[in-house]
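Shown next: entry-v7.txt, given as compact mmCIF, C-alpha atoms.
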# COMPACT_ATOMS: atom_id res chain seq x y z
CA MET Z 91 -272.20 73.54 169.33
CA ALA Z 92 -271.67 77.22 170.10
CA ASP Z 93 -269.11 78.20 172.72
CA ASN Z 94 -271.21 78.71 175.86
CA SER Z 95 -268.61 80.74 177.73
CA LEU Z 96 -267.44 84.32 178.14
CA ARG Z 97 -264.25 86.16 179.12
CA PHE Z 98 -264.22 89.86 179.97
CA ALA Z 99 -262.07 92.58 181.53
CA ILE Z 100 -261.83 96.36 181.78
CA GLY Z 101 -259.65 97.99 179.13
CA ASP Z 102 -259.64 99.98 175.92
CA ASP Z 103 -256.85 98.30 173.94
CA GLU Z 104 -255.68 95.66 176.44
CA PRO Z 105 -256.84 94.42 179.87
CA LEU Z 106 -256.30 96.85 182.75
CA SER Z 107 -258.20 94.74 185.28
CA GLU Z 108 -258.29 91.07 186.13
CA ILE Z 109 -259.86 88.81 183.50
CA TRP Z 110 -263.10 87.07 184.41
CA THR Z 111 -264.01 83.73 182.84
CA VAL Z 112 -267.62 82.51 182.74
CA THR Z 113 -268.32 78.83 182.11
CA VAL Z 114 -271.52 76.78 182.07
CA ASN Z 115 -272.01 73.21 183.27
CA ARG Z 116 -275.52 72.30 182.13
CA SER Z 117 -277.60 74.72 184.27
CA ASP Z 118 -274.90 75.87 186.69
CA VAL Z 119 -272.84 78.99 185.97
CA TYR Z 120 -269.32 79.63 187.29
CA LEU Z 121 -267.28 82.83 187.25
CA SER Z 122 -263.58 82.81 188.11
CA SER Z 123 -261.16 85.71 188.12
CA SER Z 124 -257.47 85.82 187.28
CA GLY Z 125 -257.12 88.22 190.21
CA PHE Z 126 -257.94 85.38 192.57
CA ASN Z 127 -255.20 83.25 190.96
CA SER Z 128 -257.92 80.71 190.19
CA VAL Z 129 -258.48 79.90 193.86
CA MET Z 130 -261.85 81.62 194.25
CA LYS Z 131 -265.02 81.13 192.28
CA LEU Z 132 -268.50 82.62 192.06
CA SER Z 133 -271.06 79.83 191.59
CA LEU Z 134 -274.65 80.39 190.46
CA HIS Z 135 -276.48 77.10 190.80
CA GLN Z 136 -279.67 75.87 189.16
CA SER Z 137 -281.15 75.43 192.65
CA GLY Z 138 -280.91 79.19 193.18
CA VAL Z 139 -278.09 78.90 195.72
CA CYS Z 140 -275.23 81.27 194.89
CA GLN Z 141 -271.90 81.49 196.65
CA MET Z 142 -268.42 82.95 196.58
CA ALA Z 143 -265.95 80.34 197.84
CA THR Z 144 -262.26 79.50 197.92
CA SER Z 145 -260.85 76.30 196.50
CA GLN Z 146 -260.70 73.34 198.88
CA GLN Z 147 -256.90 73.33 198.58
CA LEU Z 148 -256.56 76.99 199.56
CA TYR Z 149 -258.90 76.51 202.50
CA GLU Z 150 -257.11 73.43 203.83
CA GLU Z 151 -253.56 74.73 203.34
CA ARG Z 152 -253.90 78.38 204.35
CA LEU Z 153 -257.24 79.35 205.88
CA SER Z 154 -258.32 76.46 208.11
CA VAL Z 155 -255.06 76.68 210.10
CA LEU Z 156 -255.45 80.39 210.94
CA GLU Z 157 -256.46 81.30 214.46
CA GLY Z 158 -259.94 82.76 214.19
CA GLY Z 159 -260.05 81.78 210.51
CA PRO Z 160 -263.19 80.78 208.62
CA ASP Z 161 -264.86 77.47 209.46
CA SER Z 162 -265.65 76.70 205.82
CA ARG Z 163 -264.40 77.66 202.37
CA THR Z 164 -267.56 79.66 201.63
CA VAL Z 165 -266.97 83.42 201.73
CA LEU Z 166 -270.59 84.44 201.16
CA ARG Z 167 -273.77 82.54 200.24
CA TRP Z 168 -277.19 83.79 199.17
CA LYS Z 169 -280.23 82.57 197.22
CA ARG Z 170 -281.30 84.34 194.07
CA CYS Z 171 -284.91 84.85 193.05
CA ILE Z 172 -286.68 82.20 190.98
CA THR Z 173 -286.29 82.94 187.28
CA PRO Z 174 -289.40 84.94 186.29
CA ASP Z 175 -291.57 84.10 183.28
CA THR Z 176 -291.19 87.66 182.01
CA GLY Z 177 -288.44 90.18 182.64
CA GLY Z 178 -285.26 89.33 184.52
CA ALA Z 179 -284.07 88.66 188.08
CA LEU Z 180 -280.75 90.02 189.34
CA ALA Z 181 -278.40 87.32 190.70
CA ALA Z 182 -275.13 89.22 191.16
CA ARG Z 183 -273.21 92.24 189.98
CA ILE Z 184 -269.55 93.23 189.73
CA ILE Z 185 -268.45 96.85 190.15
CA PHE Z 186 -264.99 97.71 188.82
CA ALA Z 187 -263.35 100.86 190.18
CA ALA Z 188 -259.85 102.32 190.41
CA CYS Z 189 -258.53 104.81 192.94
CA GLY Z 190 -257.07 107.67 190.89
CA ARG Z 191 -255.87 105.72 187.88
CA TRP Z 192 -256.23 102.28 186.35
CA PRO Z 193 -253.27 99.91 186.70
CA ASN Z 194 -250.80 99.38 183.91
CA PRO Z 195 -251.58 96.46 181.59
CA SER Z 196 -250.63 93.00 182.72
CA THR Z 197 -247.65 91.50 180.90
CA ALA Z 198 -249.27 88.05 181.00
CA LYS Z 199 -250.68 86.94 177.66
CA ALA Z 200 -254.19 85.52 177.74
CA SER Z 201 -254.74 82.28 175.83
CA LYS Z 202 -258.06 83.65 174.61
CA PRO Z 203 -258.44 87.44 174.33
CA PRO Z 204 -261.23 88.72 176.60
CA LEU Z 205 -264.06 91.00 175.66
CA LEU Z 206 -262.92 94.46 176.76
CA LEU Z 207 -265.39 96.71 178.58
CA PRO Z 208 -264.41 100.38 178.07
CA CYS Z 209 -262.58 102.15 180.89
CA PRO Z 210 -264.89 104.56 182.70
CA PRO Z 211 -264.19 108.31 182.93
CA GLU Z 212 -262.76 109.74 186.14
CA GLY Z 213 -265.21 109.50 189.03
CA TYR Z 214 -267.02 106.53 187.50
CA GLY Z 215 -266.82 102.76 187.74
CA VAL Z 216 -268.15 99.98 185.53
CA GLU Z 217 -271.16 98.05 186.78
CA LEU Z 218 -271.67 94.59 185.27
CA THR Z 219 -274.93 92.87 186.19
CA ILE Z 220 -275.98 89.24 185.82
CA PHE Z 221 -279.67 88.53 185.23
CA TYR Z 222 -281.67 85.31 184.91
CA SER Z 223 -284.62 85.23 182.52
CA LYS Z 224 -286.77 82.83 180.52
CA GLU Z 225 -286.61 85.07 177.47
CA ASP Z 226 -283.55 85.85 175.38
CA PRO Z 227 -282.96 89.61 175.84
CA ARG Z 228 -281.88 89.84 172.21
CA GLN Z 229 -285.42 88.95 171.19
CA HIS Z 230 -287.39 90.75 173.92
CA THR Z 231 -286.95 94.25 175.28
CA HIS Z 232 -286.95 94.57 179.07
CA ASP Z 233 -286.79 97.57 181.36
CA ILE Z 234 -283.18 96.79 182.30
CA GLN Z 235 -282.10 97.29 178.69
CA GLN Z 236 -283.26 100.89 178.75
CA GLU Z 237 -280.54 101.81 181.25
CA MET Z 238 -277.81 99.24 180.56
CA ASN Z 239 -275.86 98.00 177.55
CA PHE Z 240 -276.24 94.37 176.54
CA ILE Z 241 -272.97 92.41 176.66
CA SER Z 242 -273.75 88.73 176.21
CA VAL Z 243 -276.21 85.94 176.98
CA LEU Z 244 -275.60 82.27 177.79
CA LYS Z 245 -278.27 79.60 177.34
CA LEU Z 246 -278.57 76.94 180.06
CA ALA Z 247 -279.71 73.32 179.76
CA ASN Z 248 -282.95 74.13 181.64
CA ASP Z 249 -283.70 76.85 179.02
CA ASP Z 250 -282.94 79.73 181.39
CA CYS Z 251 -280.95 82.61 179.94
CA VAL Z 252 -278.12 84.23 181.92
CA SER Z 253 -277.54 87.72 180.57
CA PHE Z 254 -274.74 90.20 181.18
CA PHE Z 255 -275.31 93.95 181.02
CA GLY Z 256 -272.94 96.84 181.69
CA ARG Z 257 -272.91 100.59 182.23
CA PHE Z 258 -270.79 103.38 183.67
CA LEU Z 259 -271.71 104.02 187.30
CA GLU Z 260 -271.03 107.36 188.99
CA LEU Z 261 -269.18 106.80 192.26
CA PRO Z 262 -269.92 108.84 195.40
CA GLY Z 263 -267.13 111.15 196.55
CA ASP Z 264 -266.36 108.97 199.59
CA PHE Z 265 -266.43 105.68 197.67
CA PHE Z 266 -262.85 104.74 198.62
CA SER Z 267 -263.13 105.95 202.22
CA PHE Z 268 -263.72 103.65 205.17
CA ARG Z 269 -267.35 103.33 206.21
CA ARG Z 270 -269.32 100.93 208.32
CA VAL Z 271 -271.29 98.12 206.73
CA PRO Z 272 -275.02 98.90 207.03
CA LYS Z 273 -276.96 96.80 209.52
CA GLY Z 274 -278.36 93.64 207.96
CA GLN Z 275 -275.69 93.46 205.24
CA THR Z 276 -272.78 91.02 205.08
CA LEU Z 277 -269.29 91.96 203.87
CA ALA Z 278 -266.18 89.89 203.16
CA THR Z 279 -262.87 91.36 201.95
CA VAL Z 280 -260.14 89.59 199.98
CA GLY Z 281 -256.97 91.60 199.34
CA PHE Z 282 -253.92 90.78 197.29
CA ASP Z 283 -250.76 92.59 196.24
CA GLN Z 284 -250.30 93.16 192.52
CA GLY Z 285 -246.72 94.39 192.82
CA GLY Z 286 -245.08 97.16 194.79
CA GLY Z 287 -243.35 99.29 192.18
CA GLU Z 288 -244.71 102.27 190.31
CA THR Z 289 -244.22 100.42 187.05
CA GLU Z 290 -246.18 97.38 188.17
CA TRP Z 291 -249.86 97.16 187.30
CA GLY Z 292 -251.46 98.37 190.48
CA ASP Z 293 -250.17 99.06 193.98
CA LEU Z 294 -252.79 96.96 195.70
CA SER Z 295 -256.06 95.43 194.61
CA SER Z 296 -258.86 94.03 196.71
CA TYR Z 297 -262.20 92.36 196.33
CA GLU Z 298 -265.15 93.06 198.57
CA ILE Z 299 -268.17 90.78 198.45
CA LEU Z 300 -271.24 92.46 199.88
CA GLN Z 301 -274.76 91.10 200.16
CA ASP Z 302 -276.51 94.42 199.63
CA PHE Z 303 -279.71 92.93 198.20
CA GLU Z 304 -281.89 90.23 199.74
CA ASN Z 305 -281.48 87.95 196.72
CA ALA Z 306 -278.25 89.20 195.14
CA ALA Z 307 -274.71 90.19 196.05
CA THR Z 308 -272.16 92.69 194.76
CA ILE Z 309 -268.48 92.00 194.14
CA TYR Z 310 -266.36 95.15 194.22
CA SER Z 311 -263.19 94.83 192.14
CA LEU Z 312 -261.05 97.68 193.51
CA HIS Z 313 -257.75 98.63 191.90
CA ASN Z 314 -254.74 100.85 192.60
CA MET Z 315 -255.69 101.00 196.26
CA GLN Z 316 -253.56 102.65 198.92
CA LEU Z 317 -252.94 100.67 202.12
CA LYS Z 318 -254.65 103.32 204.24
CA ARG Z 319 -257.76 102.93 202.11
CA MET Z 320 -257.96 99.15 202.12
CA ALA Z 321 -260.96 99.02 204.45
CA ARG Z 322 -263.80 100.86 202.76
Represent the structure of the file as structure tokens.
Amino acid sequence: MADNSLRFAIGDDEPLSEIWTVTVNRSDVYLSSSGFNSVMKLSLHQSGVCQMATSQQLYEERLSVLEGGPDSRTVLRWKRCITPDTGGALAARIIFAACGRWPNPSTAKASKPPLLLPCPPEGYGVELTIFYSKEDPRQHTHDIQQEMNFISVLKLANDDCVSFFGRFLELPGDFFSFRRVPKGQTLATVGFDQGGGETEWGDLSSYEILQDFENAATIYSLHNMQLKRMAR
């Protein structure tokens, strides 16, 4: 049986971002990131319910005891569109961006080398999108393929296809500046320190999970952030 999984990161010769691992359990898809130290996971369920959540252990030991902390381990939940008979439906996307420069490579050795998505030029990020479809995009041409590069496709037990596409995305000039979340959108921020020295890979990295579509959400993987710019 073919390996129905995927690992990817940003980098030209070696990973410069966190490594994402995609696994399939029948018709459910899970994405976890090394940047979350394996305590957070993006789940895309067969039912259509999608969520970003912490592990139960992290929630019970660190978050549930905080004054004003979250009342559940779910960071953000949404429902994706029903898989269409033709074309594809967006479920989630990840936008990778670095403030000024990309971090130095991690010294940790991955057990399985990830697929490396090329580093974007200055002023650009990398947009990775996740689509559901009935058709294998390798056998049928869709509109999304005209603008994005095909990365991989995973076949689910219910015969749905989960496809990954990528492209360079030009960032607005104020991308790393603080701005208010538009009305009707939901934002959650998770920050973590990647090391304080100039020789460490990244001063500060953060994740922002934003429901900016009715049936999809965006995870911003932000690197080499300055403390004053933490809140976008």
Of the listed residues Z:Ser133, Z:Phe265, Z:Gly256, Z:Ile172, that which approaches Z:Leu206 most closely, counting all atoms listed in the file =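 Looking at the shortest contact to Z:Leu206, the residue is Z:Gly256.
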Selection near Z:Glu212, 9 Å with all atoms listed in the file, sequence-local residues under 3 positions removed, as a PyMOL selection string = chain Z and resi 190-191+215
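Shortest separation to Z:Glu260 among Z:Leu246, Z:Trp110, Z:Met142, Z:Ile185 occurs at residue Z:Ile185, atoms counted being only C-alpha atoms.
Between atom CA of Z:Pro208 and atom CA of Z:Leu106 there is a distance of 10.0 Å.
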task = Identify which of the residues Z:Ser296, Z:Ser95, Z:Thr144, Z:Thr219 lies closest to Z:Leu166, counting only C-alpha atoms when measuring atom-to-atom distances.
result = Z:Thr144
request  = Please provide the set of residues having any atom within 12 Å of Z:Cys209, restricted to only C-alpha atoms, with same-chain residues fewer than 2 positions apart removed, written as an MDAnalysis selection string.
outcome  = chainID Z and resid 99:107 186:188 191:193 206:207 211:217 256:259
note = Correct to one decimal, the distance atom CA of Z:Leu218-atom CA of Z:Cys171 is 18.2 Å
message = Neighbouring residues of stretch 302-305 of chain Z were defined as those with any atom within 7 Å, considering all atoms listed in the file; residues of the same chain fewer than 2 positions away were excluded. Please report them as an MDAnalysis selection string.
response = chainID Z and resid 168:171 181 275 300 307:308
message = From the options Z:Lys202, Z:His313, Z:Arg116, Z:Arg167, which residue's atoms come nearest to Z:Ala247, counting only C-alpha atoms?
response =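 Counting only C-alpha atoms, the residue closest to Z:Ala247 is Z:Arg116.
The space separating atom CA of Z:Tyr310 from atom CA of Z:Ile184 comes to 5.8 Å.
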request  = For Z:Leu121, work out the shell of residues within 9 Å, counting all atoms listed in the file and skipping chain neighbours fewer than 5 positions away, then give it as a PyMOL selection string.
outcome  = chain Z and resi 110-113+130-134
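Point (-283.4, 88.8, 189.5) has the following residues at most 9 Å away: Arg170, Cys171, Ile172, Thr173, Pro174, Gly177, Gly178, Ala179, Leu180, Ala181, Ala182, Ile220, Phe221, Tyr222, Ser223, Asn305 and Ala306 of chain Z (atoms considered: all atoms listed in the file).
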With C-alpha atoms retained, export the selected residues as a tab-separated table (two decimals), in the coordinates of the input.
chain	number	residue	atom	x	y	z
Z	170	ARG	CA	-281.30	84.34	194.07
Z	171	CYS	CA	-284.91	84.85	193.05
Z	172	ILE	CA	-286.68	82.20	190.98
Z	173	THR	CA	-286.29	82.94	187.28
Z	174	PRO	CA	-289.40	84.94	186.29
Z	177	GLY	CA	-288.44	90.18	182.64
Z	178	GLY	CA	-285.26	89.33	184.52
Z	179	ALA	CA	-284.07	88.66	188.08
Z	180	LEU	CA	-280.75	90.02	189.34
Z	181	ALA	CA	-278.40	87.32	190.70
Z	182	ALA	CA	-275.13	89.22	191.16
Z	220	ILE	CA	-275.98	89.24	185.82
Z	221	PHE	CA	-279.67	88.53	185.23
Z	222	TYR	CA	-281.67	85.31	184.91
Z	223	SER	CA	-284.62	85.23	182.52
Z	305	ASN	CA	-281.48	87.95	196.72
Z	306	ALA	CA	-278.25	89.20	195.14
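When all atoms listed in the file are used to compute distances to Z:Phe240, the closest of the residues Z:Glu298, Z:Glu150, Z:Asp175, Z:Asp226 turns out to be Z:Asp226.
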